[in-house]
>>> print(open('data_15.json').read())   # JSON, C-alpha atoms
[["chain", "number", "residue", "atom", "x", "y", "z"],
["A", 15, "MET", "CA", 0.00, 0.00, 0.00],
["A", 16, "PHE", "CA", 2.78, 2.44, 0.90],
["A", 17, "HIS", "CA", 4.42, 1.55, -2.35],
["A", 18, "ASN", "CA", 1.28, 2.49, -4.31],
["A", 19, "PHE", "CA", 0.94, 5.72, -2.38],
["A", 20, "ASN", "CA", 4.51, 6.70, -3.21],
["A", 21, "ARG", "CA", 3.90, 6.00, -6.88],
["A", 22, "PHE", "CA", 0.79, 8.18, -6.79],
["A", 23, "SER", "CA", 2.77, 11.03, -5.17],
["A", 24, "ILE", "CA", 5.37, 10.82, -7.91],
["A", 25, "LEU", "CA", 2.67, 10.87, -10.63],
["A", 26, "LEU", "CA", 1.17, 14.08, -9.21],
["A", 27, "HIS", "CA", 4.43, 15.88, -10.02],
["A", 28, "THR", "CA", 4.51, 14.76, -13.67],
["A", 29, "SER", "CA", 2.50, 16.03, -16.67],
["A", 30, "PRO", "CA", -1.13, 17.27, -16.17],
["A", 31, "PHE", "CA", -2.54, 14.36, -18.20],
["A", 32, "THR", "CA", -0.66, 11.83, -15.99],
["A", 33, "LYS", "CA", -1.82, 13.63, -12.85],
["A", 34, "ARG", "CA", -5.44, 13.54, -14.00],
["A", 35, "LYS", "CA", -5.23, 9.86, -14.87],
["A", 36, "ALA", "CA", -3.57, 8.99, -11.54],
["A", 37, "VAL", "CA", -6.19, 10.80, -9.46],
["A", 38, "HIS", "CA", -8.95, 9.08, -11.40],
["A", 39, "VAL", "CA", -7.45, 5.63, -10.90],
["A", 40, "PHE", "CA", -6.60, 6.08, -7.23],
["A", 41, "SER", "CA", -10.01, 7.51, -6.41],
["A", 42, "ARG", "CA", -11.65, 4.32, -7.63],
["A", 43, "LEU", "CA", -9.61, 2.08, -5.29],
["A", 44, "PRO", "CA", -11.48, 0.50, -2.37],
["A", 45, "TYR", "CA", -11.57, 2.43, 0.88],
["A", 46, "ASN", "CA", -8.43, 2.12, 3.02],
["A", 47, "PRO", "CA", -6.74, 4.25, 5.69],
["A", 48, "ILE", "CA", -3.80, 5.16, 3.46],
["A", 49, "ARG", "CA", -6.18, 6.78, 0.95],
["A", 50, "GLN", "CA", -7.34, 9.09, 3.69],
["A", 51, "THR", "CA", -3.77, 10.17, 4.44],
["A", 52, "ILE", "CA", -3.44, 11.99, 1.08],
["A", 53, "SER", "CA", -2.86, 15.57, 1.86],
["A", 54, "THR", "CA", -5.70, 17.87, 0.91],
["A", 55, "LYS", "CA", -3.09, 20.46, 0.07],
["A", 56, "THR", "CA", -1.67, 18.19, -2.62],
["A", 57, "ILE", "CA", -5.13, 17.72, -4.18],
["A", 58, "ALA", "CA", -5.82, 21.44, -3.99],
["A", 59, "ARG", "CA", -2.48, 22.17, -5.65],
["A", 60, "TYR", "CA", -3.40, 19.73, -8.48],
["A", 61, "GLN", "CA", -6.80, 21.35, -8.97],
["A", 62, "SER", "CA", -5.26, 24.81, -9.10],
["A", 63, "THR", "CA", -2.94, 23.70, -11.92],
["A", 64, "THR", "CA", -5.73, 22.11, -14.02],
["A", 65, "THR", "CA", -8.79, 24.37, -13.56],
["A", 66, "PRO", "CA", -8.95, 27.62, -15.61],
["A", 67, "PRO", "CA", -9.12, 30.96, -13.81],
["A", 68, "SER", "CA", -12.63, 31.95, -12.90],
["A", 69, "SER", "CA", -14.09, 35.04, -14.53],
["A", 70, "PRO", "CA", -15.09, 37.98, -12.34],
["A", 71, "PRO", "CA", -18.73, 37.97, -11.23],
["A", 72, "SER", "CA", -21.05, 39.90, -13.45],
["A", 73, "SER", "CA", -24.05, 41.89, -12.50],
["A", 74, "PRO", "CA", -27.57, 40.39, -12.88],
["A", 75, "ASN", "CA", -28.50, 42.95, -15.55],
["A", 76, "SER", "CA", -25.52, 42.11, -17.72],
["A", 77, "SER", "CA", -26.18, 38.36, -17.47],
["A", 78, "SER", "CA", -29.80, 38.78, -18.48],
["A", 79, "SER", "CA", -28.86, 40.98, -21.43],
["A", 80, "ASN", "CA", -26.25, 38.47, -22.56],
["A", 81, "SER", "CA", -28.74, 35.63, -22.41],
["A", 82, "LYS", "CA", -31.27, 37.63, -24.44],
["A", 83, "SER", "CA", -28.70, 38.57, -27.06],
["A", 84, "SER", "CA", -27.53, 34.99, -27.38],
["A", 85, "HIS", "CA", -31.06, 33.73, -28.05],
["A", 86, "GLN", "CA", -32.03, 36.46, -30.58],
["A", 87, "PRO", "CA", -31.96, 35.19, -34.22],
["A", 88, "LYS", "CA", -29.78, 37.01, -36.67],
["A", 89, "THR", "CA", -31.67, 39.35, -38.98],
["A", 90, "SER", "CA", -30.73, 38.68, -42.58],
["A", 91, "ALA", "CA", -30.61, 41.41, -45.21],
["A", 92, "PHE", "CA", -33.10, 39.37, -47.25],
["A", 93, "SER", "CA", -35.79, 39.69, -44.57],
["A", 94, "LYS", "CA", -35.55, 43.49, -44.59],
["A", 95, "TYR", "CA", -36.93, 43.63, -48.13],
["A", 96, "ARG", "CA", -39.56, 40.89, -47.88],
["A", 97, "TYR", "CA", -42.42, 43.36, -48.39],
["A", 98, "VAL", "CA", -41.01, 44.25, -51.81],
["A", 99, "PHE", "CA", -42.48, 40.99, -53.13],
["A", 100, "ILE", "CA", -45.98, 42.42, -52.76],
["A", 101, "ILE", "CA", -45.37, 44.18, -56.07],
["A", 102, "PHE", "CA", -45.69, 40.89, -58.00],
["A", 103, "PRO", "CA", -49.36, 40.17, -57.15],
["A", 104, "LEU", "CA", -50.10, 43.86, -57.68],
["A", 105, "ILE", "CA", -48.66, 43.67, -61.21],
["A", 106, "THR", "CA", -50.72, 40.59, -62.09],
["A", 107, "ILE", "CA", -53.88, 42.24, -60.71],
["A", 108, "TRP", "CA", -53.18, 45.25, -62.92],
["A", 109, "LEU", "CA", -52.69, 43.00, -65.97],
["A", 110, "GLY", "CA", -55.96, 41.19, -65.28],
["A", 111, "THR", "CA", -57.81, 44.50, -64.93],
["A", 112, "TRP", "CA", -56.22, 45.75, -68.15],
["A", 113, "GLN", "CA", -57.39, 42.64, -70.03],
["A", 114, "LEU", "CA", -60.88, 43.11, -68.58],
["A", 115, "ARG", "CA", -60.98, 46.66, -69.91],
["A", 116, "ARG", "CA", -59.76, 45.47, -73.30],
["A", 117, "HIS", "CA", -62.54, 42.86, -73.34],
["A", 118, "LYS", "CA", -65.15, 45.57, -72.75],
["A", 119, "TRP", "CA", -63.56, 47.75, -75.42],
["A", 120, "LYS", "CA", -63.47, 44.83, -77.90],
["A", 121, "MET", "CA", -67.11, 43.95, -77.24],
["A", 122, "GLY", "CA", -67.99, 47.56, -78.02],
["A", 123, "LEU", "CA", -66.22, 47.29, -81.38],
["A", 124, "ILE", "CA", -68.01, 44.01, -82.14],
["A", 125, "ASN", "CA", -71.42, 45.48, -81.33],
["A", 126, "GLU", "CA", -70.67, 48.50, -83.49],
["A", 127, "ALA", "CA", -69.61, 46.24, -86.38],
["A", 128, "LYS", "CA", -72.76, 44.16, -85.99],
["A", 129, "GLU", "CA", -74.89, 47.27, -86.26],
["A", 130, "LYS", "CA", -73.16, 48.20, -89.51],
["A", 131, "VAL", "CA", -73.56, 44.70, -90.94],
["A", 132, "GLU", "CA", -77.26, 44.57, -90.06],
["A", 133, "SER", "CA", -77.92, 47.96, -91.66],
["A", 134, "PRO", "CA", -79.49, 47.99, -95.14],
["A", 135, "VAL", "CA", -77.32, 47.57, -98.22],
["A", 136, "VAL", "CA", -76.50, 50.91, -99.85],
["A", 137, "PRO", "CA", -74.76, 51.75, -103.16],
["A", 138, "ILE", "CA", -71.11, 52.54, -102.71],
["A", 139, "GLU", "CA", -71.62, 55.83, -104.55],
["A", 140, "SER", "CA", -73.71, 57.11, -101.61],
["A", 141, "LEU", "CA", -70.78, 56.88, -99.20],
["A", 142, "ALA", "CA", -68.78, 60.09, -99.20],
["A", 143, "GLY", "CA", -65.12, 60.27, -98.31],
["A", 144, "LEU", "CA", -63.95, 57.00, -99.85],
["A", 145, "PRO", "CA", -61.26, 55.77, -100.07],
["A", 146, "ASP", "CA", -59.60, 57.98, -97.44],
["A", 147, "ASN", "CA", -62.42, 57.64, -94.90],
["A", 148, "TRP", "CA", -62.84, 53.87, -95.23],
["A", 149, "LYS", "CA", -62.54, 53.28, -91.46],
["A", 150, "ALA", "CA", -65.83, 55.11, -90.87],
["A", 151, "TYR", "CA", -67.60, 52.63, -93.18],
["A", 152, "GLU", "CA", -65.75, 49.43, -92.30],
["A", 153, "PHE", "CA", -68.09, 46.39, -92.13],
["A", 154, "ARG", "CA", -70.79, 48.35, -93.94],
["A", 155, "ARG", "CA", -72.62, 46.36, -96.61],
["A", 156, "VAL", "CA", -72.52, 48.01, -100.02],
["A", 157, "SER", "CA", -73.48, 47.10, -103.57],
["A", 158, "VAL", "CA", -71.50, 47.82, -106.73],
["A", 159, "VAL", "CA", -72.45, 47.30, -110.38],
["A", 160, "GLY", "CA", -69.91, 46.91, -113.13],
["A", 161, "LYS", "CA", -67.38, 44.56, -114.71],
["A", 162, "PHE", "CA", -64.12, 42.98, -113.66],
["A", 163, "MET", "CA", -61.05, 44.45, -115.31],
["A", 164, "GLU", "CA", -59.45, 41.99, -117.73],
["A", 165, "GLY", "CA", -55.79, 41.10, -117.38],
["A", 166, "HIS", "CA", -55.59, 41.93, -113.71],
["A", 167, "ALA", "CA", -56.07, 39.30, -111.00],
["A", 168, "TYR", "CA", -53.98, 38.85, -107.92],
["A", 169, "LYS", "CA", -53.62, 35.66, -105.90],
["A", 170, "LEU", "CA", -53.20, 36.27, -102.20],
["A", 171, "GLY", "CA", -51.82, 33.49, -100.09],
["A", 172, "PRO", "CA", -51.44, 30.64, -99.64],
["A", 173, "ARG", "CA", -54.20, 30.44, -97.03],
["A", 174, "SER", "CA", -55.89, 27.40, -95.51],
["A", 175, "ASN", "CA", -59.62, 26.75, -95.40],
["A", 176, "ASN", "CA", -61.01, 23.59, -93.76],
["A", 177, "HIS", "CA", -57.55, 22.00, -93.83],
["A", 178, "ARG", "CA", -57.16, 22.72, -97.54],
["A", 179, "LEU", "CA", -54.61, 24.98, -99.16],
["A", 180, "GLY", "CA", -55.67, 27.73, -101.51],
["A", 181, "TYR", "CA", -55.60, 31.42, -102.38],
["A", 182, "TYR", "CA", -57.78, 34.50, -102.24],
["A", 183, "ILE", "CA", -58.52, 36.14, -105.58],
["A", 184, "VAL", "CA", -58.36, 39.95, -105.65],
["A", 185, "ARG", "CA", -59.54, 41.67, -108.83],
["A", 186, "PRO", "CA", -60.09, 45.28, -109.91],
["A", 187, "PHE", "CA", -63.73, 46.11, -110.54],
["A", 188, "VAL", "CA", -64.79, 48.91, -112.91],
["A", 189, "LEU", "CA", -67.97, 50.66, -111.78],
["A", 190, "SER", "CA", -70.57, 51.37, -114.43],
["A", 191, "SER", "CA", -72.10, 54.29, -112.51],
["A", 192, "SER", "CA", -69.43, 56.75, -113.54],
["A", 193, "LYS", "CA", -70.67, 59.89, -115.21],
["A", 194, "GLU", "CA", -69.97, 60.57, -118.85],
["A", 195, "GLY", "CA", -66.74, 62.45, -119.43],
["A", 196, "GLU", "CA", -65.28, 61.35, -116.14],
["A", 197, "PRO", "CA", -62.73, 58.56, -115.74],
["A", 198, "LYS", "CA", -64.08, 55.20, -114.76],
["A", 199, "ARG", "CA", -64.03, 54.52, -111.06],
["A", 200, "VAL", "CA", -62.13, 51.34, -110.21],
["A", 201, "ILE", "CA", -62.11, 49.59, -106.83],
["A", 202, "LEU", "CA", -60.60, 46.36, -105.54],
["A", 203, "VAL", "CA", -62.75, 43.30, -104.79],
["A", 204, "ASN", "CA", -61.62, 40.29, -102.77],
["A", 205, "CYS", "CA", -63.73, 37.67, -104.54],
["A", 206, "GLY", "CA", -63.11, 34.85, -102.06],
["A", 207, "TRP", "CA", -61.07, 31.72, -101.49],
["A", 208, "VAL", "CA", -60.38, 29.02, -104.07],
["A", 209, "ASP", "CA", -58.52, 25.73, -103.93],
["A", 210, "LYS", "CA", -54.94, 25.78, -105.21],
["A", 211, "ASP", "CA", -55.83, 23.40, -108.05],
["A", 212, "SER", "CA", -58.44, 25.84, -109.42],
["A", 213, "VAL", "CA", -56.62, 29.12, -108.84],
["A", 214, "ASN", "CA", -55.37, 29.46, -112.44],
["A", 215, "GLU", "CA", -58.92, 29.10, -113.74],
["A", 216, "PHE", "CA", -60.02, 32.23, -111.89],
["A", 217, "LEU", "CA", -56.87, 34.16, -112.71],
["A", 218, "LYS", "CA", -57.57, 33.78, -116.45],
["A", 219, "LYS", "CA", -61.34, 34.05, -116.24],
["A", 220, "LYS", "CA", -62.97, 36.70, -118.48],
["A", 221, "GLU", "CA", -66.09, 38.61, -117.47],
["A", 222, "GLU", "CA", -67.99, 40.29, -120.29],
["A", 223, "LYS", "CA", -71.33, 41.09, -118.71],
["A", 224, "GLU", "CA", -72.17, 43.43, -115.92],
["A", 225, "ILE", "CA", -72.81, 41.97, -112.50],
["A", 226, "GLU", "CA", -73.81, 43.26, -109.11],
["A", 227, "ILE", "CA", -71.65, 42.49, -106.07],
["A", 228, "VAL", "CA", -72.75, 42.82, -102.47],
["A", 229, "GLY", "CA", -69.85, 43.00, -100.07],
["A", 230, "LEU", "CA", -68.34, 44.47, -96.93],
["A", 231, "ILE", "CA", -66.01, 47.43, -96.90],
["A", 232, "ARG", "CA", -62.77, 46.31, -95.31],
["A", 233, "SER", "CA", -59.22, 47.50, -94.82],
["A", 234, "PRO", "CA", -57.20, 47.67, -98.06],
["A", 235, "SER", "CA", -54.07, 46.33, -96.35],
["A", 236, "GLU", "CA", -53.17, 43.75, -93.73],
["A", 237, "ARG", "CA", -51.05, 44.40, -90.68],
["A", 238, "THR", "CA", -47.60, 42.97, -91.09],
["A", 239, "GLY", "CA", -44.77, 42.51, -88.65],
["A", 240, "ARG", "CA", -41.20, 43.63, -88.96],
["A", 241, "PHE", "CA", -40.10, 40.19, -90.11],
["A", 242, "ALA", "CA", -42.85, 39.65, -92.70],
["A", 243, "ALA", "CA", -41.73, 38.32, -96.06],
["A", 244, "ASP", "CA", -41.83, 40.56, -99.12],
["A", 245, "ASN", "CA", -44.41, 40.40, -101.88],
["A", 246, "TYR", "CA", -43.33, 39.83, -105.48],
["A", 247, "PRO", "CA", -45.82, 41.70, -107.68],
["A", 248, "GLN", "CA", -43.91, 40.85, -110.89],
["A", 249, "GLN", "CA", -44.49, 37.12, -110.27],
["A", 250, "ASN", "CA", -48.00, 37.79, -108.93],
["A", 251, "GLU", "CA", -47.04, 36.39, -105.53],
["A", 252, "TRP", "CA", -48.75, 38.24, -102.71],
["A", 253, "LEU", "CA", -48.10, 36.81, -99.26],
["A", 254, "TRP", "CA", -50.01, 39.60, -97.53],
["A", 255, "LEU", "CA", -52.61, 42.08, -98.72],
["A", 256, "ASP", "CA", -51.10, 45.28, -100.07],
["A", 257, "GLY", "CA", -53.96, 47.32, -101.47],
["A", 258, "SER", "CA", -51.79, 50.35, -102.22],
["A", 259, "THR", "CA", -49.50, 48.46, -104.62],
["A", 260, "MET", "CA", -52.41, 46.54, -106.18],
["A", 261, "ALA", "CA", -54.25, 49.81, -106.76],
["A", 262, "LYS", "CA", -51.21, 51.37, -108.47],
["A", 263, "LEU", "CA", -50.79, 48.40, -110.80],
["A", 264, "SER", "CA", -54.43, 48.55, -111.94],
["A", 265, "ASN", "CA", -55.03, 52.33, -111.71],
["A", 266, "ALA", "CA", -57.66, 51.79, -109.02],
["A", 267, "GLU", "CA", -58.51, 53.54, -105.80],
["A", 268, "LYS", "CA", -57.67, 51.99, -102.45],
["A", 269, "THR", "CA", -61.24, 50.96, -101.69],
["A", 270, "MET", "CA", -61.51, 47.26, -100.82],
["A", 271, "ILE", "CA", -64.70, 45.24, -100.50],
["A", 272, "TYR", "CA", -65.00, 41.57, -99.53],
["A", 273, "ALA", "CA", -67.58, 39.90, -101.74],
["A", 274, "LEU", "CA", -70.56, 38.23, -100.07],
["A", 275, "GLU", "CA", -72.64, 37.49, -103.19],
["A", 276, "GLU", "CA", -72.69, 38.07, -106.93],
["A", 277, "HIS", "CA", -76.04, 38.82, -108.56],
["A", 278, "GLU", "CA", -77.41, 39.20, -112.03],
["A", 279, "VAL", "CA", -78.13, 42.87, -112.60],
["A", 280, "LYS", "CA", -81.66, 42.43, -113.97],
["A", 281, "SER", "CA", -82.93, 39.24, -112.37],
["A", 282, "LYS", "CA", -81.04, 39.67, -109.05],
["A", 283, "GLU", "CA", -80.34, 35.94, -109.08],
["A", 284, "VAL", "CA", -77.28, 34.70, -107.23],
["A", 285, "ILE", "CA", -74.49, 33.63, -109.57],
["A", 286, "PRO", "CA", -73.07, 30.24, -108.48],
["A", 287, "SER", "CA", -69.33, 30.00, -108.07],
["A", 288, "LYS", "CA", -66.62, 27.69, -106.78],
["A", 289, "LEU", "CA", -65.27, 30.51, -104.69],
["A", 290, "VAL", "CA", -65.76, 30.37, -100.95],
["A", 291, "ARG", "CA", -67.36, 33.72, -100.21],
["A", 292, "PHE", "CA", -67.03, 35.74, -97.05],
["A", 293, "ASN", "CA", -69.78, 35.85, -94.44],
["A", 294, "THR", "CA", -71.14, 38.31, -91.93],
["A", 295, "ASN", "CA", -69.79, 36.49, -88.85],
["A", 296, "ILE", "CA", -67.98, 39.55, -87.60],
["A", 297, "GLU", "CA", -67.00, 38.03, -84.26],
["A", 298, "SER", "CA", -64.54, 35.68, -85.99],
["A", 299, "VAL", "CA", -62.63, 38.69, -87.28],
["A", 300, "PHE", "CA", -61.85, 40.06, -83.85],
["A", 301, "PHE", "CA", -59.51, 38.62, -81.26],
["A", 302, "ARG", "CA", -61.67, 37.90, -78.22],
["A", 303, "ASP", "CA", -59.60, 35.75, -75.87],
["A", 304, "HIS", "CA", -59.33, 38.53, -73.31],
["A", 305, "LEU", "CA", -61.55, 36.76, -70.76],
["A", 306, "SER", "CA", -59.24, 33.76, -70.68],
["A", 307, "TYR", "CA", -56.33, 36.09, -69.95],
["A", 308, "VAL", "CA", -58.38, 37.74, -67.20],
["A", 309, "VAL", "CA", -58.87, 34.36, -65.51],
["A", 310, "ILE", "CA", -55.16, 33.53, -65.90],
["A", 311, "TRP", "CA", -53.89, 36.81, -64.45],
["A", 312, "TYR", "CA", -56.34, 36.90, -61.53],
["A", 313, "SER", "CA", -55.60, 33.25, -60.67],
["A", 314, "LEU", "CA", -51.89, 34.01, -60.73],
["A", 315, "SER", "CA", -52.52, 37.03, -58.50],
["A", 316, "ALA", "CA", -54.24, 34.86, -55.89],
["A", 317, "PHE", "CA", -51.40, 32.34, -56.02],
["A", 318, "LEU", "CA", -48.72, 35.01, -55.65],
["A", 319, "ALA", "CA", -50.61, 36.78, -52.87],
["A", 320, "GLY", "CA", -50.79, 33.52, -50.90],
["A", 321, "GLY", "CA", -47.09, 32.90, -51.48],
["A", 322, "VAL", "CA", -46.12, 36.40, -50.36],
["A", 323, "TRP", "CA", -48.28, 36.12, -47.23],
["A", 324, "TYR", "CA", -46.67, 32.80, -46.34],
["A", 325, "PHE", "CA", -43.21, 34.20, -47.01],
["A", 326, "VAL", "CA", -43.77, 37.32, -44.86],
["A", 327, "LYS", "CA", -45.09, 35.23, -41.96],
["A", 328, "LYS", "CA", -42.31, 32.65, -42.05],
["A", 329, "VAL", "CA", -39.26, 34.83, -42.60],
["A", 330, "PRO", "CA", -38.04, 36.27, -39.25],
["A", 331, "LYS", "CA", -38.17, 40.00, -38.87]]
>>> encode(input="data_15.json", output="structure tokens")
Amino acid sequence: MFHNFNRFSILLHTSPFTKRKAVHVFSRLPYNPIRQTISTKTIARYQSTTTPPSSPPSSPNSSSSNSKSSHQPKTSAFSKYRYVFIIFPLITIWLGTWQLRRHKWKMGLINEAKEKVESPVVPIESLAGLPDNWKAYEFRRVSVVGKFMEGHAYKLGPRSNNHRLGYYIVRPFVLSSSKEGEPKRVILVNCGWVDKDSVNEFLKKKEEKEIEIVGLIRSPSERTGRFAADNYPQQNEWLWLDGSTMAKLSNAEKTMIYALEEHEVKSKEVIPSKLVRFNTNIESVFFRDHLSYVVIWYSLSAFLAGGVWYFVKKVPK
């Protein structure tokens, strides 16, 4: 026993790790009188060499403030600007309201066009201001009497109709109501759509007798984008309607009518034709998908508003 005690005393004066291990081992030995003879001063000296210096006591206020600061979450820079995301549902709400206004505006144009279509047919000579003021008479039904000009027929297309490929036939029409001594008045008539296999038949067709045409006044030109292909008038290839150039080539005015029917002048009988004529379904002319866009934008607004609300609630302030 004395031998073990001497070994333990020697270990206390070695490295701190050896001291700590020796105290741990010796403390687990069974109780004996020699264990009690270990000087408390020696143990105190060992503890003073291994324990770190204690920090000075702090006041209660400082300890409470330190505990609060340690438990506070860090505020990120991202959370400071979380309310900026409210702008996204506001933008979609504005877009939905804008489409709703456009729908109301478009329905007003359709109703106005329907009123013009349902009005009685009038001779084109009774409409003042043509061709410059054609917008005031667009979709108005008019009648013209005269003959088609020979040697001039323009194929516009190709365009599809019921999954078939074909062309529109545009021809100059000489009015017979011109006064004596005055030059003949010539307008442009879009006769209708024909299959591609029969297009040459109508391009070379000769009209010798006078006929009456009932049609709608329409725009002499189509809207084209910046990247639209060019027309080739020399080859009679017209990819888009260009009434100004067609009128120059045939010495006609830029008044365009879309043929609904062709009648005999005296008997008023409808002349049969292979051409697919135009109709008075004005609603098909206008783009009217605004309501679907209204539903899309308002639905997206509700989705974004819910997402922003969830984001604002979850992100710490």
>>> atom_distance(input="data_15.json", atom1="CA of Pro103 in chain A", atom2="CA of Tyr312 in chain A")
8.9 Å
>>> atom_distance(input="data_15.json", atom1="CA of Arg291 in chain A", atom2="CA of Ile227 in chain A")
11.4 Å
>>> residues_around(input="data_15.json", residues="Arg185 in chain A", least_positions_apart="5", cutoff="9 Å", atoms="all atoms listed in the file", output="VMD selection string")
chain A and resid 162 to 164 166 to 169 201 to 205 217
>>> write_last_selection(input="data_15.json", atoms="C-alpha atoms", output="compact mmCIF listing (two decimals), in the frame of the given file")
# COMPACT_ATOMS: atom_id res chain seq x y z
CA PHE A 162 -64.12 42.98 -113.66
CA MET A 163 -61.05 44.45 -115.31
CA GLU A 164 -59.45 41.99 -117.73
CA HIS A 166 -55.59 41.93 -113.71
CA ALA A 167 -56.07 39.30 -111.00
CA TYR A 168 -53.98 38.85 -107.92
CA LYS A 169 -53.62 35.66 -105.90
CA ILE A 201 -62.11 49.59 -106.83
CA LEU A 202 -60.60 46.36 -105.54
CA VAL A 203 -62.75 43.30 -104.79
CA ASN A 204 -61.62 40.29 -102.77
CA CYS A 205 -63.73 37.67 -104.54
CA LEU A 217 -56.87 34.16 -112.71
>>> residues_around(input="data_15.json", residues="range 255-271 of chain A", least_positions_apart="2", cutoff="6 Å", atoms="only C-alpha atoms", output="ChimeraX atom specification")
/A:145,200-203,229-232,234-236
>>> closest_residue(input="data_15.json", among="A:Phe153, A:Trp207, A:Trp252, A:Trp311", to="Arg178 in chain A", atoms="all atoms listed in the file")
A:Trp207
>>> closest_residue(input="data_15.json", among="A:Lys130, A:Arg240, A:Lys223, A:Arg116", to="Gly160 in chain A", atoms="all atoms listed in the file")
A:Lys223
>>> closest_residue(input="data_15.json", among="A:Asp303, A:Glu297, A:Glu139, A:Glu276", to="Val228 in chain A", atoms="all atoms listed in the file")
A:Glu276
>>> axis_aligned_box(input="data_15.json", around="range 246-255 of chain A", padding_each_side="6 Å", output="AutoDock Vina command-line options")
--center_x -48.0 --center_y 39.2 --center_z -104.2 --size_x 21.3 --size_y 17.7 --size_z 25.4
